[in-house]
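Source file: my_file.tsv (TSV, C-alpha atoms)
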```tsv
chain	number	residue	atom	x	y	z
K	1	MET	CA	23.30	11.33	-2.95
K	2	THR	CA	20.85	13.43	-4.91
K	3	SER	CA	18.90	15.83	-2.72
K	4	TRP	CA	15.23	16.36	-3.28
K	5	LYS	CA	12.89	19.06	-2.19
K	6	HIS	CA	9.77	17.78	-0.52
K	7	THR	CA	6.53	19.01	-1.97
K	8	PRO	CA	3.19	17.95	-0.55
K	9	ALA	CA	1.88	14.84	-2.23
K	10	PRO	CA	-1.70	14.62	-3.41
K	11	SER	CA	-4.17	12.59	-1.40
K	12	LEU	CA	-3.12	8.97	-1.33
K	13	ALA	CA	-6.67	7.89	-2.03
K	14	PHE	CA	-6.55	10.04	-5.20
K	15	ALA	CA	-3.06	8.77	-6.13
K	16	LEU	CA	-4.15	5.19	-5.62
K	17	ALA	CA	-7.18	5.82	-7.82
K	18	LEU	CA	-4.84	7.09	-10.56
K	19	ILE	CA	-2.67	3.97	-10.29
K	20	LEU	CA	-5.79	1.87	-10.54
K	21	SER	CA	-7.41	3.89	-13.37
K	22	GLY	CA	-8.42	2.04	-16.49
K	23	CYS	CA	-11.09	-0.43	-17.46
K	24	GLY	CA	-13.67	-1.26	-14.76
K	25	GLN	CA	-14.32	-4.60	-13.15
K	26	THR	CA	-17.71	-6.30	-13.11
K	27	GLN	CA	-19.40	-6.73	-9.75
K	28	THR	CA	-20.88	-10.21	-9.29
K	29	THR	CA	-23.62	-11.39	-6.98
K	30	PRO	CA	-22.34	-13.52	-4.08
K	31	GLU	CA	-23.02	-17.25	-4.49
K	32	ASP	CA	-24.42	-17.42	-0.99
K	33	PRO	CA	-27.84	-15.69	-1.11
K	34	GLN	CA	-27.66	-14.96	2.61
K	35	ALA	CA	-24.45	-12.99	2.07
K	36	ALA	CA	-26.31	-10.47	-0.07
K	37	THR	CA	-28.83	-9.75	2.68
K	38	THR	CA	-26.55	-9.78	5.71
K	39	PRO	CA	-25.90	-6.19	6.87
K	40	SER	CA	-22.28	-5.03	7.07
K	41	THR	CA	-20.70	-4.65	10.49
K	42	GLU	CA	-18.26	-2.01	9.24
K	43	THR	CA	-18.42	1.33	11.03
K	44	GLU	CA	-16.67	3.19	8.21
K	45	PRO	CA	-18.50	4.16	5.01
K	46	SER	CA	-17.72	1.78	2.20
K	47	GLY	CA	-17.26	4.50	-0.42
K	48	ASP	CA	-17.22	3.97	-4.14
K	49	ALA	CA	-15.27	1.14	-5.74
K	50	LEU	CA	-11.85	2.06	-7.06
K	51	PRO	CA	-11.54	1.62	-10.82
K	52	SER	CA	-9.38	-1.20	-12.12
K	53	PRO	CA	-5.85	-0.71	-13.50
K	54	ASP	CA	-5.00	-1.07	-17.17
K	55	GLY	CA	-5.00	-4.76	-17.98
K	56	ALA	CA	-6.68	-5.55	-14.67
K	57	SER	CA	-7.59	-9.04	-13.60
K	58	THR	CA	-11.00	-10.24	-14.73
K	59	GLU	CA	-11.75	-11.77	-11.31
K	60	PRO	CA	-14.91	-10.42	-9.61
K	61	ALA	CA	-14.48	-7.30	-7.48
K	62	PRO	CA	-14.82	-7.76	-3.69
K	63	ALA	CA	-17.91	-6.59	-1.84
K	64	ALA	CA	-17.94	-2.96	-0.69
K	65	ASN	CA	-17.38	-3.80	2.97
K	66	GLU	CA	-14.42	-6.00	2.00
K	67	ARG	CA	-12.84	-3.10	0.07
K	68	THR	CA	-13.17	-0.89	3.14
K	69	SER	CA	-11.74	-3.35	5.63
K	70	ASP	CA	-9.03	-4.84	3.41
K	71	LEU	CA	-6.48	-2.26	2.26
K	72	MET	CA	-4.05	-4.79	0.80
K	73	PRO	CA	-2.95	-3.98	-2.77
K	74	ALA	CA	-5.47	-4.58	-5.54
K	75	LYS	CA	-4.70	-7.56	-7.73
K	76	LEU	CA	-3.08	-6.67	-11.05
K	77	THR	CA	-2.52	-8.70	-14.18
K	78	PRO	CA	0.98	-10.23	-14.47
K	79	GLU	CA	1.88	-7.64	-17.13
K	80	ALA	CA	0.87	-4.68	-14.95
K	81	GLU	CA	2.47	-6.24	-11.87
K	82	ARG	CA	5.92	-6.50	-13.46
K	83	GLY	CA	6.72	-2.81	-13.76
K	84	GLU	CA	6.57	0.39	-11.77
K	85	LYS	CA	2.76	0.27	-11.62
K	86	GLY	CA	2.98	-2.91	-9.53
K	87	ALA	CA	5.50	-1.32	-7.16
K	88	ARG	CA	3.44	1.86	-6.77
K	89	ASN	CA	0.31	-0.22	-6.21
K	90	LEU	CA	1.89	-1.78	-3.12
K	91	LEU	CA	3.52	1.41	-1.84
K	92	LEU	CA	0.37	3.52	-2.15
K	93	SER	CA	-1.65	0.81	-0.42
K	94	PHE	CA	0.82	0.94	2.47
K	95	GLY	CA	0.54	4.73	2.66
K	96	ARG	CA	-3.25	4.64	2.58
K	97	ALA	CA	-3.34	2.10	5.42
K	98	MET	CA	-1.07	4.36	7.47
K	99	GLU	CA	-3.23	7.44	6.85
K	100	LEU	CA	-6.37	5.56	7.89
K	101	GLY	CA	-4.71	4.27	11.06
K	102	LYS	CA	-4.84	0.65	9.88
K	103	PHE	CA	-1.38	-0.04	11.25
K	104	ASP	CA	-1.91	-3.79	11.46
K	105	GLN	CA	-2.57	-3.93	7.72
K	106	ALA	CA	0.42	-1.67	6.96
K	107	TRP	CA	2.58	-3.95	9.13
K	108	ALA	CA	1.32	-7.02	7.24
K	109	MET	CA	2.80	-5.60	4.03
K	110	LEU	CA	6.32	-5.36	5.50
K	111	SER	CA	9.09	-7.87	4.93
K	112	PRO	CA	9.60	-10.71	7.44
K	113	ALA	CA	12.86	-9.04	8.52
K	114	ASP	CA	11.11	-5.75	9.30
K	115	GLN	CA	8.29	-7.60	11.04
K	116	LYS	CA	10.92	-9.08	13.32
K	117	LYS	CA	12.45	-5.63	13.85
K	118	TRP	CA	9.02	-4.22	14.78
K	119	SER	CA	6.38	-6.56	16.15
K	120	LYS	CA	2.82	-5.69	15.16
K	121	SER	CA	2.20	-4.04	18.52
K	122	ASP	CA	5.55	-2.21	18.46
K	123	PHE	CA	4.85	-0.86	14.99
K	124	ALA	CA	1.41	0.44	16.00
K	125	ALA	CA	2.85	1.96	19.19
K	126	ARG	CA	5.24	4.13	17.15
K	127	PHE	CA	2.24	6.00	15.76
K	128	ALA	CA	-0.16	5.78	18.70
K	129	ASP	CA	0.31	9.45	19.66
K	130	MET	CA	-0.15	10.70	16.10
K	131	SER	CA	-3.27	12.28	14.65
K	132	LYS	CA	-4.09	13.53	11.13
K	133	ILE	CA	-1.40	11.35	9.55
K	134	THR	CA	-0.41	12.19	5.98
K	135	VAL	CA	2.06	10.11	3.96
K	136	SER	CA	4.13	11.51	1.12
K	137	LEU	CA	5.41	8.95	-1.42
K	138	PRO	CA	7.24	10.65	-4.30
K	139	ASP	CA	8.12	8.66	-7.40
K	140	GLY	CA	11.06	6.31	-6.99
K	141	THR	CA	13.56	4.52	-9.21
K	142	ILE	CA	13.87	0.94	-10.47
K	143	GLU	CA	17.18	-0.89	-10.65
K	144	GLY	CA	18.02	-4.47	-11.58
K	145	ALA	CA	20.48	-6.67	-9.70
K	146	ALA	CA	21.12	-10.41	-9.38
K	147	GLY	CA	17.95	-11.56	-11.12
K	148	SER	CA	15.68	-9.13	-9.24
K	149	LEU	CA	14.20	-5.67	-9.66
K	150	TYR	CA	14.34	-3.13	-6.83
K	151	TYR	CA	12.12	-0.07	-6.53
K	152	SER	CA	13.34	2.60	-4.10
K	153	ALA	CA	11.29	5.61	-3.00
K	154	PRO	CA	11.43	8.17	-0.17
K	155	VAL	CA	8.76	8.05	2.53
K	156	THR	CA	7.66	10.99	4.66
K	157	ILE	CA	5.04	10.64	7.39
K	158	SER	CA	3.72	13.92	8.79
K	159	SER	CA	1.33	14.31	11.69
K	160	GLU	CA	0.52	16.06	14.94
K	161	SER	CA	0.90	14.85	18.49
K	162	LYS	CA	-2.17	14.74	20.69
K	163	ASP	CA	-1.12	18.09	22.19
K	164	GLY	CA	-0.79	19.69	18.74
K	165	ARG	CA	2.97	19.51	18.18
K	166	PRO	CA	4.06	18.78	14.57
K	167	LEU	CA	5.62	15.37	14.06
K	168	ARG	CA	7.61	14.15	11.07
K	169	ILE	CA	9.20	10.82	10.15
K	170	GLU	CA	11.38	10.39	7.06
K	171	GLY	CA	12.67	7.18	5.57
K	172	LYS	CA	13.01	5.02	2.52
K	173	ALA	CA	11.10	2.06	1.15
K	174	VAL	CA	12.81	-0.54	-1.01
K	175	LEU	CA	10.52	-2.98	-2.81
K	176	ARG	CA	11.63	-6.08	-4.67
K	177	ARG	CA	10.38	-8.61	-7.17
K	178	VAL	CA	12.18	-11.54	-8.76
K	179	ASN	CA	12.52	-11.47	-12.53
K	180	ASP	CA	10.63	-14.07	-14.53
K	181	VAL	CA	13.01	-16.95	-13.92
K	182	ASP	CA	12.32	-20.66	-13.72
K	183	GLY	CA	11.38	-21.76	-10.23
K	184	ALA	CA	10.24	-18.34	-8.98
K	185	THR	CA	7.13	-18.56	-6.81
K	186	PRO	CA	4.05	-16.37	-7.40
K	187	ALA	CA	4.88	-14.47	-4.21
K	188	GLN	CA	8.42	-13.75	-5.45
K	189	LEU	CA	7.09	-12.51	-8.78
K	190	ARG	CA	4.91	-9.91	-7.03
K	191	TRP	CA	6.35	-6.70	-5.65
K	192	HIS	CA	6.94	-6.95	-1.91
K	193	PHE	CA	8.70	-4.88	0.74
K	194	HIS	CA	12.41	-5.60	0.95
K	195	THR	CA	13.32	-2.97	3.56
K	196	LEU	CA	11.70	0.02	5.23
K	197	THR	CA	13.62	2.63	7.22
K	198	LEU	CA	11.85	5.26	9.36
K	199	ASP	CA	13.69	7.99	11.28
K	200	TRP	CA	12.13	10.69	13.45
K	201	THR	CA	13.17	14.17	12.34
K	202	HIS	CA	11.05	16.09	14.90
```

What is this file in structure tokens?
Amino acid sequence: MTSWKHTPAPSLAFALALILSGCGQTQTTPEDPQAATTPSTETEPSGDALPSPDGASTEPAPAANERTSDLMPAKLTPEAERGEKGARNLLLSFGRAMELGKFDQAWAMLSPADQKKWSKSDFAARFADMSKITVSLPDGTIEGAAGSLYYSAPVTISSESKDGRPLRIEGKAVLRRVNDVDGATPAQLRWHFHTLTLDWTH
């Protein structure tokens, strides 16, 4: 196994913006006129819209409050989705959800097998005593096997306990997508979590 030296990763919000850099999307006015005048119930600031990835979908961008509340991966074009950009798009979205404490949304990105291993409440409870969470997601590797592509990358979650003690979890994320074969569903053709391992180091 090749060892690697951990170096602090840049802000996930910045890394996600780099993954999604490219041509911009056009904001459209909601069809429902009342929707444009209804105030948002979000307590977090909406922030600026993330730019679109190269070859991004031409579908309208979501409203600002939807971007804040929904941290699921941005939609990419089929071409962009196929390669490493599609895998990183999902992985960085997972890391951003973890850093913002949106554990339910991070859990929703996991595979059905891992969702059985950790229920939504169990997954959130693992991080309940953590504050100032940062997630390091170094570049991974892509391998092909049995009609699928697999993207593997190390995951490091660093934080502090409520009494100030340093906490650290290390693991590995393996993402998968089916190659463009007859009969593959749209969900199979998108990158999705295959496995996630998380081990406390201290």

Exercise for review: Mind giving me the straight-line distance from CA of Asp129 (chain K) to CA of Lys117 (chain K) in Å, one decimal?
Suggested key: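 Going from CA of Asp129 (chain K) over to CA of Lys117 (chain K) covers 20.2 Å.
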
Exercise for review: Identify which of the residues K:Asp163, K:Asp139, K:Asp182, K:Asp70 lies closest to Lys102 (chain K), counting only C-alpha atoms when measuring atom-to-atom distances.
Suggested key: K:Asp70

Practice item. Name the closest residue to Ala106 (chain K) among the candidates K:Leu71, K:Leu76, K:Val174, K:Ala184; distances are taken between atoms, counting only C-alpha atoms. Key: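 Smallest distance to Ala106 (chain K) is found for K:Leu71.
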
Exercise for review: Pick out the closest residue to Ala153 (chain K) from this set: K:Leu167, K:Lys85, K:Ala173, K:Pro186. Count all atoms listed in the file.
Suggested key: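 Nearest candidate to Ala153 (chain K) out of K:Leu167, K:Lys85, K:Ala173, K:Pro186: K:Ala173.
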
Check your understanding: Hey, which of K:Phe94, K:Tyr150, K:Trp118, K:Phe123 ends up closest to Leu137 (chain K)? Count all atoms listed in the file.
Key ->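 Using all atoms listed in the file, the shortest distance to Leu137 (chain K) belongs to K:Phe94.
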
Check your understanding: Using all atoms listed in the file, which residue out of K:Glu170, K:Asp114, K:Glu99, K:Glu81 lies closest to Asp199 (chain K)?
Key ->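 Looking at the shortest contact to Asp199 (chain K), the residue is K:Glu170.
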
Exercise for review: Please indicate the distance in Å from CA of Thr185 (chain K) to CA of Glu84 (chain K), rounded to one decimal place.
Suggested key: 19.6 Å

Check your understanding: Using only C-alpha atoms, which of K:Thr197, K:Gln188, K:Thr77, K:Ser93 sits nearest Ile169 (chain K)?
Key ->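 Ranked by minimum distance to Ile169 (chain K), first place goes to K:Thr197.
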
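Rounded to one decimal, CA of Met109 (chain K) and CA of Arg177 (chain K) lie 13.9 Å from each other.
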
Exercise for review: Determine, counting all atoms listed in the file, which protein, DNA and RNA residues have an atom within 10 Å of an atom of Tyr151 (chain K); residues of the same chain fewer than 6 positions away are not included. Present the result as a list in words.
Suggested key: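 What passes the distance filter is Gly83, Glu84, Ala87, Arg88, Leu91, Asp139, Gly140, Thr141, Ile142, Glu143, Gly144, Ala173, Val174, Leu175, Arg176, Arg177, Trp191, His192, Phe193 and His194 of chain K.
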
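Within 10 Å of the point (16.3, -10.2, -15.3), counting only C-alpha atoms, the protein and nucleic acid residues come to Gly144, Ala145, Ala146, Gly147, Ser148, Leu149, Val178, Asn179, Asp180 and Val181 of chain K.
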